[in-house]
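Participant: Sending over entry.txt (compact mmCIF, C-alpha atoms).
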```txt
# COMPACT_ATOMS: atom_id res chain seq x y z
CA MET A 75 -4.25 16.37 14.37
CA PHE A 76 -3.71 18.18 11.06
CA THR A 77 0.00 17.33 10.79
CA ARG A 78 -0.65 13.75 11.85
CA TRP A 79 -3.09 13.25 8.98
CA ILE A 80 -0.52 14.62 6.52
CA TYR A 81 1.97 11.99 7.65
CA ILE A 82 -0.72 9.29 7.37
CA ALA A 83 -1.53 10.51 3.86
CA LEU A 84 2.11 10.34 2.79
CA ALA A 85 2.42 6.84 4.25
CA ILE A 86 -0.66 5.71 2.34
CA ALA A 87 0.75 7.08 -0.92
CA VAL A 88 4.11 5.36 -0.48
CA LEU A 89 2.74 2.08 0.84
CA ALA A 90 0.12 1.91 -1.90
CA LEU A 91 2.87 2.10 -4.51
CA ALA A 92 5.73 0.12 -3.02
CA PRO A 93 4.04 -3.31 -2.83
CA VAL A 94 3.13 -3.06 -6.52
CA VAL A 95 6.79 -3.73 -7.36
CA GLY A 96 6.67 -7.05 -5.56
CA ALA A 97 3.23 -7.86 -6.93
CA GLN A 98 4.51 -7.58 -10.47
CA THR A 99 6.95 -10.43 -9.89
CA ASP A 100 4.89 -12.58 -7.56
CA GLN A 101 5.53 -16.14 -8.72
CA THR A 102 3.73 -17.76 -5.81
CA SER A 103 0.22 -16.34 -5.85
CA HIS A 104 -2.48 -18.02 -7.89
CA VAL A 105 -4.69 -16.36 -10.48
CA ILE A 106 -8.28 -15.88 -9.33
CA CYS A 107 -10.64 -16.41 -12.29
CA GLY A 108 -13.98 -17.01 -10.57
CA ASP A 109 -16.64 -17.65 -13.21
CA LEU A 110 -14.68 -16.14 -16.09
CA ALA A 111 -14.61 -17.87 -19.47
CA GLU A 112 -11.44 -19.86 -20.13
CA ALA A 113 -10.23 -17.35 -22.74
CA ASP A 114 -10.60 -14.49 -20.25
CA CYS A 115 -8.81 -16.45 -17.53
CA GLN A 116 -5.96 -17.10 -19.96
CA ILE A 117 -5.46 -13.35 -20.34
CA LEU A 118 -4.97 -13.14 -16.58
CA ARG A 119 -2.51 -16.05 -16.64
CA ASP A 120 -0.56 -14.43 -19.48
CA ASN A 121 -0.57 -11.16 -17.56
CA LYS A 122 0.90 -12.90 -14.53
CA THR A 123 3.61 -14.52 -16.64
CA VAL A 124 4.60 -11.20 -18.23
CA MET A 125 4.48 -9.20 -15.01
CA ASP A 126 6.50 -11.88 -13.19
CA ALA A 127 9.49 -10.55 -15.13
CA VAL A 128 8.95 -6.90 -14.10
CA SER A 129 11.11 -5.49 -11.31
CA SER A 130 10.82 -1.77 -12.10
CA PHE A 131 8.44 0.69 -13.69
CA ALA A 132 7.55 4.36 -14.09
CA PHE A 133 4.19 5.52 -12.82
CA GLY A 134 1.63 8.28 -12.69
CA MET A 135 -0.85 8.27 -9.84
CA SER A 136 -3.85 10.09 -8.45
CA MET A 137 -5.45 9.41 -5.08
CA THR A 138 -8.31 10.83 -3.06
CA LEU A 139 -9.15 10.01 0.56
CA ASP A 140 -12.12 11.35 2.52
CA TYR A 141 -12.85 10.64 6.17
CA ALA A 142 -15.63 11.83 8.45
CA GLY A 143 -16.70 10.93 11.96
CA LEU A 144 -20.45 10.34 12.07
CA ASP A 145 -20.76 12.75 15.00
CA ASP A 146 -19.16 15.48 12.83
CA SER A 147 -16.31 15.73 15.34
CA TYR A 148 -13.66 15.45 12.64
CA ALA A 149 -13.42 15.46 8.84
CA MET A 150 -10.49 15.20 6.47
CA SER A 151 -10.15 15.40 2.69
CA LEU A 152 -6.99 14.55 0.76
CA SER A 153 -5.99 14.50 -2.90
CA VAL A 154 -2.61 13.49 -4.33
CA ASP A 155 -1.38 13.73 -7.93
CA GLY A 156 2.11 12.42 -8.60
CA GLN A 157 4.59 10.57 -10.76
CA GLY A 158 7.93 8.79 -10.45
CA GLY A 159 9.46 5.33 -10.56
CA PHE A 160 10.08 2.27 -8.38
CA ALA A 161 12.44 -0.69 -8.49
CA ILE A 162 13.36 -3.52 -6.13
CA ALA A 163 16.61 -5.44 -5.78
CA PRO A 164 16.34 -9.13 -6.78
CA GLU A 165 17.53 -10.45 -3.42
CA ALA A 166 14.99 -8.30 -1.56
CA LEU A 167 12.24 -9.50 -3.85
CA ALA A 168 13.14 -13.14 -3.30
CA GLY A 169 12.67 -12.74 0.45
CA VAL A 170 9.32 -11.04 0.05
CA LEU A 171 8.11 -13.76 -2.32
CA ALA A 172 9.06 -16.39 0.23
CA LEU A 173 7.18 -14.46 2.92
CA GLU A 174 4.12 -14.06 0.70
CA GLU A 175 4.03 -17.80 0.04
CA GLN A 176 4.23 -18.40 3.76
CA LEU A 177 1.37 -15.98 4.43
CA ASN A 178 -0.78 -17.38 1.63
CA ASN A 179 -0.50 -20.83 3.20
CA SER A 180 -0.82 -19.64 6.79
CA SER A 181 -3.74 -20.12 9.16
CA GLY A 182 -4.55 -16.44 9.69
CA LEU A 183 -3.64 -12.80 9.45
CA SER A 184 -0.75 -12.61 11.91
CA LEU A 185 2.71 -11.54 10.84
CA PRO A 186 5.08 -14.40 11.68
CA GLU A 187 8.17 -13.73 13.74
CA ASP A 188 10.55 -14.68 10.92
CA ALA A 189 8.96 -12.09 8.62
CA ILE A 190 10.81 -9.22 10.25
CA ALA A 191 14.17 -9.74 8.53
CA GLN A 192 12.48 -10.23 5.16
CA LEU A 193 10.49 -7.01 5.49
CA ASP A 194 13.61 -5.12 6.57
CA ALA A 195 15.38 -6.44 3.47
CA PHE A 196 12.44 -5.32 1.31
CA ILE A 197 12.67 -1.76 2.64
CA ALA A 198 16.43 -1.73 2.09
CA GLY A 199 16.01 -3.08 -1.45
CA LEU A 200 13.56 -0.45 -2.68
CA THR A 201 14.71 2.36 -4.96
CA GLY A 202 12.17 5.02 -5.82
CA GLU A 203 11.26 8.62 -6.47
CA ILE A 204 7.90 10.35 -6.05
CA ARG A 205 7.03 13.90 -7.08
CA ALA A 206 3.52 14.87 -6.05
CA ASP A 207 1.18 17.75 -5.37
CA ILE A 208 -0.89 17.24 -2.23
CA GLN A 209 -4.03 19.10 -1.23
CA LEU A 210 -5.25 18.47 2.29
CA ALA A 211 -8.08 19.93 4.35
CA ALA A 212 -8.61 18.94 7.99
CA ASP A 213 -9.55 20.54 11.31
CA GLY A 214 -10.62 23.71 9.49
CA GLU A 215 -7.20 24.10 7.86
CA SER A 216 -6.08 23.53 4.30
CA SER A 217 -2.68 23.21 2.63
CA ASP A 218 -1.18 22.74 -0.82
CA ILE A 219 2.06 20.81 -0.44
CA PRO A 220 4.60 19.96 -3.15
CA LEU A 221 6.28 16.64 -2.31
CA HIS A 222 9.59 15.28 -3.54
CA LEU A 223 10.52 11.95 -1.94
CA LEU A 224 13.55 9.74 -2.60
CA MET A 225 14.18 6.16 -1.44
CA LYS A 226 17.41 4.17 -1.75
CA ASP A 227 19.24 1.59 0.39
CA GLY A 228 16.74 2.00 3.22
CA VAL A 229 17.14 5.79 3.38
CA ILE A 230 14.03 7.92 2.76
CA VAL A 231 14.31 11.69 2.33
CA LEU A 232 11.91 14.56 1.67
CA GLY A 233 12.59 17.95 0.20
CA ALA A 234 12.95 20.15 3.28
CA GLY A 235 10.70 22.83 1.82
CA ALA A 236 7.71 20.50 1.89
CA LEU A 237 8.65 19.24 5.35
CA GLY A 238 8.84 22.83 6.57
CA GLU A 239 5.23 23.34 5.50
CA LEU A 240 4.22 20.15 7.30
CA MET A 241 5.95 21.24 10.51
CA ASP A 242 4.83 24.89 10.18
CA GLN A 243 8.42 26.06 10.59
CA PRO A 244 11.27 26.79 8.16
CA MET A 245 14.04 24.22 7.69
CA GLU A 246 16.81 26.77 7.42
CA GLY A 247 20.09 25.57 5.95
CA MET A 248 18.68 22.23 4.79
CA GLU A 249 17.51 21.15 1.35
CA TRP A 250 16.74 17.51 2.20
CA ILE A 251 15.75 15.82 5.45
CA GLY A 252 14.80 12.23 6.17
CA LEU A 253 15.57 9.07 8.05
CA ASP A 254 17.56 5.89 7.79
CA ALA A 255 14.78 3.27 7.83
CA ASN A 256 17.11 0.25 7.82
CA GLY A 257 15.96 -2.17 10.50
CA MET A 258 12.61 -0.39 10.87
CA MET A 259 10.57 -3.57 11.27
CA SER A 260 13.01 -5.00 13.79
CA LEU A 261 12.77 -1.82 15.83
CA LEU A 262 8.98 -1.79 15.67
CA ALA A 263 8.86 -5.46 16.64
CA SER A 264 10.86 -4.68 19.79
CA ASP A 265 8.00 -2.46 21.03
CA PRO A 266 5.21 -4.56 22.64
CA ASP A 267 2.58 -1.98 21.69
CA MET A 268 3.65 -2.17 18.05
CA THR A 269 3.69 -5.97 18.01
CA ASP A 270 0.08 -5.87 19.21
CA LEU A 271 -0.82 -3.37 16.49
CA LEU A 272 0.91 -5.42 13.76
CA GLY A 273 -0.48 -8.72 14.99
CA ILE A 274 2.97 -10.26 15.38
CA GLY A 275 2.65 -13.58 17.16
CA ALA A 276 -1.15 -13.49 17.25
CA ASP A 277 -2.91 -16.76 16.46
CA GLN A 278 -6.05 -16.44 14.31
CA GLU A 279 -7.73 -19.48 12.81
CA LEU A 280 -9.08 -19.50 9.27
CA PRO A 281 -12.80 -20.18 8.69
CA ALA A 282 -13.60 -23.88 8.92
CA ASP A 283 -14.21 -24.19 5.17
CA ALA A 284 -10.86 -22.62 4.21
CA GLY A 285 -7.59 -24.52 3.95
CA SER A 286 -5.40 -21.46 3.39
CA TRP A 287 -5.43 -17.68 3.30
CA ALA A 288 -5.64 -17.90 -0.52
CA ASP A 289 -8.92 -19.83 -0.13
CA VAL A 290 -10.40 -17.00 1.93
CA GLU A 291 -9.33 -14.44 -0.66
CA GLU A 292 -10.86 -16.45 -3.49
CA ALA A 293 -14.14 -16.90 -1.63
CA ALA A 294 -14.34 -13.15 -1.01
CA THR A 295 -13.57 -12.13 -4.61
CA THR A 296 -15.90 -11.68 -7.56
CA ILE A 297 -14.25 -10.92 -10.93
CA THR A 298 -15.84 -9.74 -14.19
CA ARG A 299 -14.50 -9.06 -17.70
CA LEU A 300 -15.61 -5.60 -18.86
CA ALA A 301 -15.58 -4.09 -22.35
CA ASN A 302 -12.16 -3.50 -23.92
CA SER A 303 -10.79 0.01 -23.59
CA GLU A 304 -7.63 2.08 -24.19
CA VAL A 305 -4.89 3.41 -21.90
CA ASN A 306 -2.70 6.08 -23.46
CA GLY A 307 -3.67 4.83 -26.92
CA LEU A 308 -3.03 1.15 -26.14
CA ALA A 309 -5.83 -1.41 -26.47
CA VAL A 310 -6.48 -3.13 -23.13
CA ALA A 311 -8.65 -5.85 -21.67
CA VAL A 312 -10.40 -4.66 -18.51
CA PHE A 313 -11.16 -6.84 -15.48
CA GLU A 314 -13.01 -5.69 -12.37
CA SER A 315 -12.69 -7.48 -9.04
CA SER A 316 -14.73 -6.88 -5.89
CA LEU A 317 -13.44 -8.04 -2.52
CA GLU A 318 -16.04 -8.28 0.26
CA MET A 319 -14.18 -7.35 3.43
CA ASN A 320 -16.68 -9.02 5.78
CA HIS A 321 -14.97 -12.34 4.90
CA PHE A 322 -11.95 -11.10 6.89
CA ALA A 323 -13.75 -9.43 9.80
CA ASP A 324 -13.54 -12.35 12.24
CA MET A 325 -9.81 -12.87 11.63
CA VAL A 326 -8.98 -9.17 11.92
CA VAL A 327 -10.95 -8.78 15.12
CA GLU A 328 -9.40 -11.92 16.62
CA ALA A 329 -5.93 -10.50 15.93
CA TYR A 330 -6.61 -7.63 18.34
CA GLN A 331 -8.56 -9.45 21.05
CA GLY A 332 -6.61 -9.47 24.29
CA THR A 333 -4.07 -6.87 23.11
CA THR A 334 -3.59 -3.25 24.15
CA ALA A 335 -3.57 -1.97 20.56
CA LEU A 336 -7.34 -1.34 20.45
CA ASP A 337 -9.98 -1.17 23.17
CA ALA A 338 -13.32 -2.99 22.98
CA ALA A 339 -15.16 -0.02 21.45
CA GLU A 340 -12.51 0.40 18.75
CA ILE A 341 -12.60 -3.32 17.92
CA ALA A 342 -16.40 -3.22 17.65
CA ALA A 343 -16.21 -0.18 15.37
CA MET A 344 -13.62 -1.90 13.18
CA ARG A 345 -15.81 -5.00 12.83
CA GLN A 346 -18.77 -2.83 11.84
CA GLN A 347 -16.73 -1.04 9.20
CA LEU A 348 -15.34 -4.28 7.75
CA ASP A 349 -18.82 -5.80 7.65
CA ASN A 350 -19.89 -2.89 5.45
CA ALA A 351 -16.76 -2.47 3.31
CA THR A 352 -15.99 -3.51 -0.25
CA LEU A 353 -12.67 -3.09 -2.04
CA ASN A 354 -12.94 -2.79 -5.83
CA MET A 355 -10.06 -3.14 -8.29
CA ARG A 356 -10.13 -2.51 -12.04
CA GLN A 357 -7.13 -3.80 -13.98
CA SER A 358 -6.32 -2.81 -17.59
CA ILE A 359 -4.11 -5.36 -19.37
CA GLY A 360 -2.50 -4.81 -22.77
CA LEU A 361 -4.15 -7.03 -25.40
CA SER A 362 -0.93 -7.34 -27.40
CA ASP A 363 1.71 -7.66 -24.65
CA HIS A 364 -0.28 -8.43 -21.43
CA TYR A 365 1.42 -5.77 -19.30
CA THR A 366 -0.71 -4.11 -16.61
CA TYR A 367 -0.99 -0.51 -17.76
CA ARG A 368 -3.55 0.79 -15.28
CA THR A 369 -4.80 -0.29 -11.86
CA GLU A 370 -7.73 1.45 -10.20
CA LEU A 371 -8.64 0.84 -6.55
CA SER A 372 -11.63 2.12 -4.60
CA MET A 373 -12.94 1.38 -1.14
CA GLU A 374 -15.92 2.53 0.90
CA MET A 375 -16.23 1.95 4.64
CA ASP A 376 -18.97 3.09 7.00
CA GLY A 377 -19.94 2.48 10.57
CA ALA A 378 -18.71 4.53 13.53
CA SER A 379 -17.05 6.71 10.88
CA GLU A 380 -17.10 6.97 7.10
CA MET A 381 -14.12 6.66 4.76
CA SER A 382 -13.77 6.51 1.00
CA MET A 383 -10.58 6.03 -0.98
CA ALA A 384 -9.81 5.97 -4.71
CA LEU A 385 -6.42 5.34 -6.30
CA THR A 386 -5.45 5.21 -9.99
CA LEU A 387 -1.98 3.97 -10.93
CA ASP A 388 -0.70 4.08 -14.52
CA GLN A 389 2.46 2.08 -15.26
CA SER A 390 5.00 2.27 -18.08
CA ASP A 391 8.72 1.83 -18.87
CA PHE A 392 8.76 -1.70 -17.47
CA ASN A 393 12.21 -2.97 -16.47
CA GLU A 394 13.84 0.34 -17.37
CA PRO A 395 16.49 1.58 -14.89
CA VAL A 396 15.29 3.72 -11.98
CA ILE A 397 18.19 5.99 -11.02
CA VAL A 398 18.00 7.64 -7.60
CA GLU A 399 20.77 9.28 -5.58
CA ILE A 400 20.35 10.51 -2.02
CA PRO A 401 21.89 14.03 -1.88
CA GLN A 402 25.16 14.06 0.03
CA ASP A 403 24.10 17.09 2.07
CA ALA A 404 20.81 15.51 3.17
CA PHE A 405 20.17 15.62 6.92
CA ILE A 406 19.46 11.99 7.85
CA LEU A 407 18.01 11.07 11.24
CA PRO A 408 18.45 7.59 12.70
CA LEU A 409 15.13 5.77 12.90
CA ALA A 410 15.33 5.31 16.67
CA MET A 411 15.74 9.07 17.13
CA MET A 412 12.78 9.79 14.85
CA MET A 413 10.56 7.39 16.81
CA GLN A 414 11.69 8.92 20.08
CA MET A 415 10.82 12.37 18.78
CA GLY A 416 7.40 11.07 17.72
CA ASN A 417 6.76 9.82 21.24
```
Before anything else, please render the file you have as structure tokens.
Facilitator:
Amino acid sequence: MFTRWIYIALAIAVLALAPVVGAQTDQTSHVICGDLAEADCQILRDNKTVMDAVSSFAFGMSMTLDYAGLDDSYAMSLSVDGQGGFAIAPEALAGVLALEEQLNNSSGLSLPEDAIAQLDAFIAGLTGEIRADIQLAADGESSDIPLHLLMKDGVIVLGAGALGELMDQPMEGMEWIGLDANGMMSLLASDPDMTDLLGIGADQELPADAGSWADVEEAATTITRLANSEVNGLAVAVFESSLEMNHFADMVVEAYQGTTALDAAEIAAMRQQLDNATLNMRQSIGLSDHYTYRTELSMEMDGASEMSMALTLDQSDFNEPVIVEIPQDAFILPLAMMMQMGN
């Protein structure tokens, strides 16, 4: 259980960062202004225009994640502090933007069949580096883990020293170990259990008063302009958005009805947690240049279990090169072999 939560923590850290690259250049999504004054909404529009041109950035991040079963059967606490950089190839970004437009205009949460190739291209087009210090306590154990992760051309590697701590055994003779993740989504989609879990091919209907997925998002979101502040000495406008997750509960639950991914008790617990969950985002936008310099996310969920998450991401060096090289002596496992080992 302890090692499994470490892997989940690492996945959360990577997945929380990687989509930000695409979000910076999203030319299809609309700007949600709610009841903001026109001048405040214009700041968000200008921010979108500026960030549309961003395909790379440096970052500093901090994240905490706490989980507890209400019966005290299991508890986990995680903190991550890190820095690095991310970039995405233009052709990979174009495919993801097309997919996002398709999803925004779709009738539900399911991942369409033709999304697989686009997501595979996105993974292959990411270049990134993360250095982080991880503190994790679970199942009565605790660890301090230094992480160094590299991503390029669909290959993801970890410093073998950190992996040795995760696996509780030395990685003798290896400095780097990882996997070739090219085709990962295609491989996952070939597994019926995974297609159920991802919702591929499921058919969920939007609420009757919503014409598109974007309508549901807008109905669930409340946005407020806060007092101006500073990020690293730069004057910023601050906007806070709250997303009420109960708006999505019916669609999420419907995605798993009749599948083997979750049983009835797990689906009921998920609905309860979504009914009581709110995702908050605070965005700090430069007043002079409209770049997003800081994004803060927090989420609380309770029900059959309790979970809280907080993530702060500072961004800088927009559109500067992100240079990453996978070491030639890295031990790279094929994805299919890694999944077989996991089974």
Participant: Do you have the CA of Gly158 in chain A-CA of Leu308 in chain A distance handy?
Facilitator: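 Taking CA of Gly158 in chain A as the start and CA of Leu308 in chain A as the end point, the length is 20.6 Å.
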Participant: Counting all atoms listed in the file, which residue out of A:Ala293, A:Leu353, A:Leu210, A:Ala343 sits closest to Leu317 in chain A?
Facilitator: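 Nearest candidate to Leu317 in chain A out of A:Ala293, A:Leu353, A:Leu210, A:Ala343: A:Leu353.
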Participant: Please determine, counting all atoms listed in the file, which residue among A:Leu223, A:Leu173, A:Leu232, A:Met137 has the shortest atom-to-atom distance to Gln192 in chain A.
Facilitator: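 Answer, going by the shortest atom-to-atom distance: A:Leu173.
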Participant: What are the closest atom pairs, with distances in Å to one decimal, for all residues of range 292-334 of chain A lying within 10 Å of range 370-374 of chain A? Consider only C-alpha atoms, order rows by chain and residue number, and present the result as a Markdown table.
Facilitator:
```
| residue | atom | partner | partner_atom | distance |
| --- | --- | --- | --- | --- |
| A:Glu314 | CA | A:Glu370 | CA | 9.1 |
| A:Ser315 | CA | A:Leu371 | CA | 9.6 |
| A:Ser316 | CA | A:Ser372 | CA | 9.6 |
| A:Leu317 | CA | A:Met373 | CA | 9.5 |
| A:Met319 | CA | A:Met373 | CA | 9.9 |
```
Participant: Produce a file of the selected residues containing C-alpha atoms, as an mmCIF file, keeping the file's coordinate frame.
Facilitator:
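Generated output (out34.cif):
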```cif
data_model
loop_
_atom_site.group_PDB
_atom_site.id
_atom_site.type_symbol
_atom_site.label_atom_id
_atom_site.label_comp_id
_atom_site.auth_asym_id
_atom_site.auth_seq_id
_atom_site.Cartn_x
_atom_site.Cartn_y
_atom_site.Cartn_z
ATOM 1 C CA GLU A 314 -13.010 -5.690 -12.370
ATOM 2 C CA SER A 315 -12.690 -7.480 -9.040
ATOM 3 C CA SER A 316 -14.730 -6.880 -5.890
ATOM 4 C CA LEU A 317 -13.440 -8.040 -2.520
ATOM 5 C CA MET A 319 -14.180 -7.350 3.430
#
```
Participant: Would you give the centre and edge lengths, in Å to one decimal, of a box along x, y and z around the listed atoms of range 292-304 of chain A, with 8 Å added to each side, as lines of an AutoDock Vina configuration file?
Facilitator:
```
center_x = -11.8
center_y = -7.4
center_z = -12.6
size_x = 24.3
size_y = 35.0
size_z = 39.2
```
Participant: In Å, with one decimal, what is the gap from CA of Phe392 in chain A to CA of Asp194 in chain A?
Facilitator: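 These atoms are spaced 24.8 Å apart.
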Participant: Just give me the gap between CA of Phe131 in chain A and CA of Pro395 in chain A in Å, one decimal is fine.
Facilitator: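 Going from CA of Phe131 in chain A over to CA of Pro395 in chain A, I get 8.2 Å.
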Participant: Under the rule that only C-alpha atoms are counted, which of A:Ala309, A:Gly214, A:Leu300, A:Val105 is the nearest residue to Asn121 in chain A?
Facilitator: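 Ranking A:Ala309, A:Gly214, A:Leu300, A:Val105 by distance to Asn121 in chain A, first place goes to A:Val105.
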Participant: Between A:Leu387, A:Ala338, A:Glu291, A:Leu409, which has the minimum distance to Met258 in chain A (counting all atoms listed in the file)?
Facilitator: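 Of all the options, A:Leu409 lies closest to Met258 in chain A.
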Participant: Counting all atoms listed in the file, which residue out of A:Met381, A:Met225, A:Ile251, A:Ala211 sits closest to Asp140 in chain A?
Facilitator: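 Between A:Met381, A:Met225, A:Ile251, A:Ala211, the residue approaching Asp140 in chain A most closely is A:Met381.
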Participant: Find, counting all atoms listed in the file, the residue in A:Gly159, A:Gly108, A:Pro220, A:Pro408 that gets nearest to Asn393 in chain A.
Facilitator: A:Gly159
Participant: Neighbours of Ser130 in chain A within 7 Å (only C-alpha atoms; same-chain residues fewer than 4 positions away dropped), as a PyMOL selection string?
Facilitator: chain A and resi 95+160-162+392-394
Participant: Excluding range 375-378 of chain A and any residue of its chain fewer than 2 positions from it, enumerate the residues within 10 Å of it, using all atoms listed in the file, and give them as number ranges by chain.
Facilitator: A: 141-145, 319, 339-340, 342-353, 373, 380-383
Participant: Output requested as a PDB file, in the coordinates of the input - range 313-321 of chain A, filled out with all heavy atoms.
Facilitator:
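Contents of rebuild_18.pdb, freshly written:
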```pdb
ATOM      1  N   PHE A 313     -10.574  -5.908 -16.437  1.00  0.00           N
ATOM      2  CA  PHE A 313     -11.160  -6.840 -15.480  1.00  0.00           C
ATOM      3  C   PHE A 313     -11.461  -6.076 -14.189  1.00  0.00           C
ATOM      4  O   PHE A 313     -10.640  -5.288 -13.715  1.00  0.00           O
ATOM      5  CB  PHE A 313     -10.209  -7.990 -15.174  1.00  0.00           C
ATOM      6  CG  PHE A 313      -9.964  -8.892 -16.351  1.00  0.00           C
ATOM      7  CD1 PHE A 313      -8.976  -8.601 -17.278  1.00  0.00           C
ATOM      8  CD2 PHE A 313     -10.726 -10.034 -16.541  1.00  0.00           C
ATOM      9  CE1 PHE A 313      -8.742  -9.421 -18.374  1.00  0.00           C
ATOM     10  CE2 PHE A 313     -10.507 -10.870 -17.629  1.00  0.00           C
ATOM     11  CZ  PHE A 313      -9.513 -10.558 -18.552  1.00  0.00           C
ATOM     12  N   GLU A 314     -12.620  -6.331 -13.628  1.00  0.00           N
ATOM     13  CA  GLU A 314     -13.010  -5.690 -12.370  1.00  0.00           C
ATOM     14  C   GLU A 314     -13.228  -6.746 -11.302  1.00  0.00           C
ATOM     15  O   GLU A 314     -13.975  -7.717 -11.512  1.00  0.00           O
ATOM     16  CB  GLU A 314     -14.277  -4.867 -12.558  1.00  0.00           C
ATOM     17  CG  GLU A 314     -14.662  -4.069 -11.310  1.00  0.00           C
ATOM     18  CD  GLU A 314     -15.773  -3.075 -11.595  1.00  0.00           C
ATOM     19  OE1 GLU A 314     -16.907  -3.538 -11.839  1.00  0.00           O
ATOM     20  OE2 GLU A 314     -15.508  -1.859 -11.598  1.00  0.00           O
ATOM     21  N   SER A 315     -12.565  -6.554 -10.161  1.00  0.00           N
ATOM     22  CA  SER A 315     -12.690  -7.480  -9.040  1.00  0.00           C
ATOM     23  C   SER A 315     -13.292  -6.739  -7.846  1.00  0.00           C
ATOM     24  O   SER A 315     -12.958  -5.579  -7.587  1.00  0.00           O
ATOM     25  CB  SER A 315     -11.318  -8.040  -8.638  1.00  0.00           C
ATOM     26  OG  SER A 315     -10.710  -8.703  -9.716  1.00  0.00           O
ATOM     27  N   SER A 316     -14.160  -7.415  -7.120  1.00  0.00           N
ATOM     28  CA  SER A 316     -14.730  -6.880  -5.890  1.00  0.00           C
ATOM     29  C   SER A 316     -14.380  -7.829  -4.745  1.00  0.00           C
ATOM     30  O   SER A 316     -14.577  -9.044  -4.858  1.00  0.00           O
ATOM     31  CB  SER A 316     -16.255  -6.752  -5.995  1.00  0.00           C
ATOM     32  OG  SER A 316     -16.617  -5.789  -6.959  1.00  0.00           O
ATOM     33  N   LEU A 317     -13.849  -7.256  -3.679  1.00  0.00           N
ATOM     34  CA  LEU A 317     -13.440  -8.040  -2.520  1.00  0.00           C
ATOM     35  C   LEU A 317     -14.311  -7.643  -1.341  1.00  0.00           C
ATOM     36  O   LEU A 317     -14.265  -6.497  -0.882  1.00  0.00           O
ATOM     37  CB  LEU A 317     -11.964  -7.775  -2.205  1.00  0.00           C
ATOM     38  CG  LEU A 317     -11.298  -8.643  -1.144  1.00  0.00           C
ATOM     39  CD1 LEU A 317     -11.165 -10.077  -1.629  1.00  0.00           C
ATOM     40  CD2 LEU A 317      -9.916  -8.079  -0.800  1.00  0.00           C
ATOM     41  N   GLU A 318     -15.147  -8.562  -0.862  1.00  0.00           N
ATOM     42  CA  GLU A 318     -16.040  -8.280   0.260  1.00  0.00           C
ATOM     43  C   GLU A 318     -15.260  -8.466   1.563  1.00  0.00           C
ATOM     44  O   GLU A 318     -14.865  -9.575   1.923  1.00  0.00           O
ATOM     45  CB  GLU A 318     -17.251  -9.209   0.215  1.00  0.00           C
ATOM     46  CG  GLU A 318     -18.119  -8.995  -1.017  1.00  0.00           C
ATOM     47  CD  GLU A 318     -19.299  -9.937  -1.063  1.00  0.00           C
ATOM     48  OE1 GLU A 318     -19.459 -10.742  -0.113  1.00  0.00           O
ATOM     49  OE2 GLU A 318     -20.061  -9.865  -2.028  1.00  0.00           O
ATOM     50  N   MET A 319     -15.061  -7.346   2.271  1.00  0.00           N
ATOM     51  CA  MET A 319     -14.180  -7.350   3.430  1.00  0.00           C
ATOM     52  C   MET A 319     -14.769  -8.070   4.631  1.00  0.00           C
ATOM     53  O   MET A 319     -14.049  -8.429   5.557  1.00  0.00           O
ATOM     54  CB  MET A 319     -13.825  -5.912   3.811  1.00  0.00           C
ATOM     55  CG  MET A 319     -13.141  -5.119   2.706  1.00  0.00           C
ATOM     56  SD  MET A 319     -11.615  -5.898   2.129  1.00  0.00           S
ATOM     57  CE  MET A 319     -10.567  -5.656   3.571  1.00  0.00           C
ATOM     58  N   ASN A 320     -16.094  -8.321   4.632  1.00  0.00           N
ATOM     59  CA  ASN A 320     -16.680  -9.020   5.780  1.00  0.00           C
ATOM     60  C   ASN A 320     -16.139 -10.441   5.918  1.00  0.00           C
ATOM     61  O   ASN A 320     -16.184 -11.027   6.997  1.00  0.00           O
ATOM     62  CB  ASN A 320     -18.205  -9.056   5.654  1.00  0.00           C
ATOM     63  CG  ASN A 320     -18.677  -9.832   4.435  1.00  0.00           C
ATOM     64  OD1 ASN A 320     -18.225  -9.578   3.321  1.00  0.00           O
ATOM     65  ND2 ASN A 320     -19.586 -10.764   4.645  1.00  0.00           N
ATOM     66  N   HIS A 321     -15.575 -11.004   4.824  1.00  0.00           N
ATOM     67  CA  HIS A 321     -14.970 -12.340   4.900  1.00  0.00           C
ATOM     68  C   HIS A 321     -13.766 -12.345   5.850  1.00  0.00           C
ATOM     69  O   HIS A 321     -13.375 -13.402   6.351  1.00  0.00           O
ATOM     70  CB  HIS A 321     -14.516 -12.794   3.518  1.00  0.00           C
ATOM     71  CG  HIS A 321     -15.642 -13.217   2.632  1.00  0.00           C
ATOM     72  ND1 HIS A 321     -15.933 -14.534   2.350  1.00  0.00           N
ATOM     73  CD2 HIS A 321     -16.563 -12.489   1.960  1.00  0.00           C
ATOM     74  CE1 HIS A 321     -16.984 -14.602   1.552  1.00  0.00           C
ATOM     75  NE2 HIS A 321     -17.379 -13.370   1.288  1.00  0.00           N
TER      76      HIS A 321
END
```
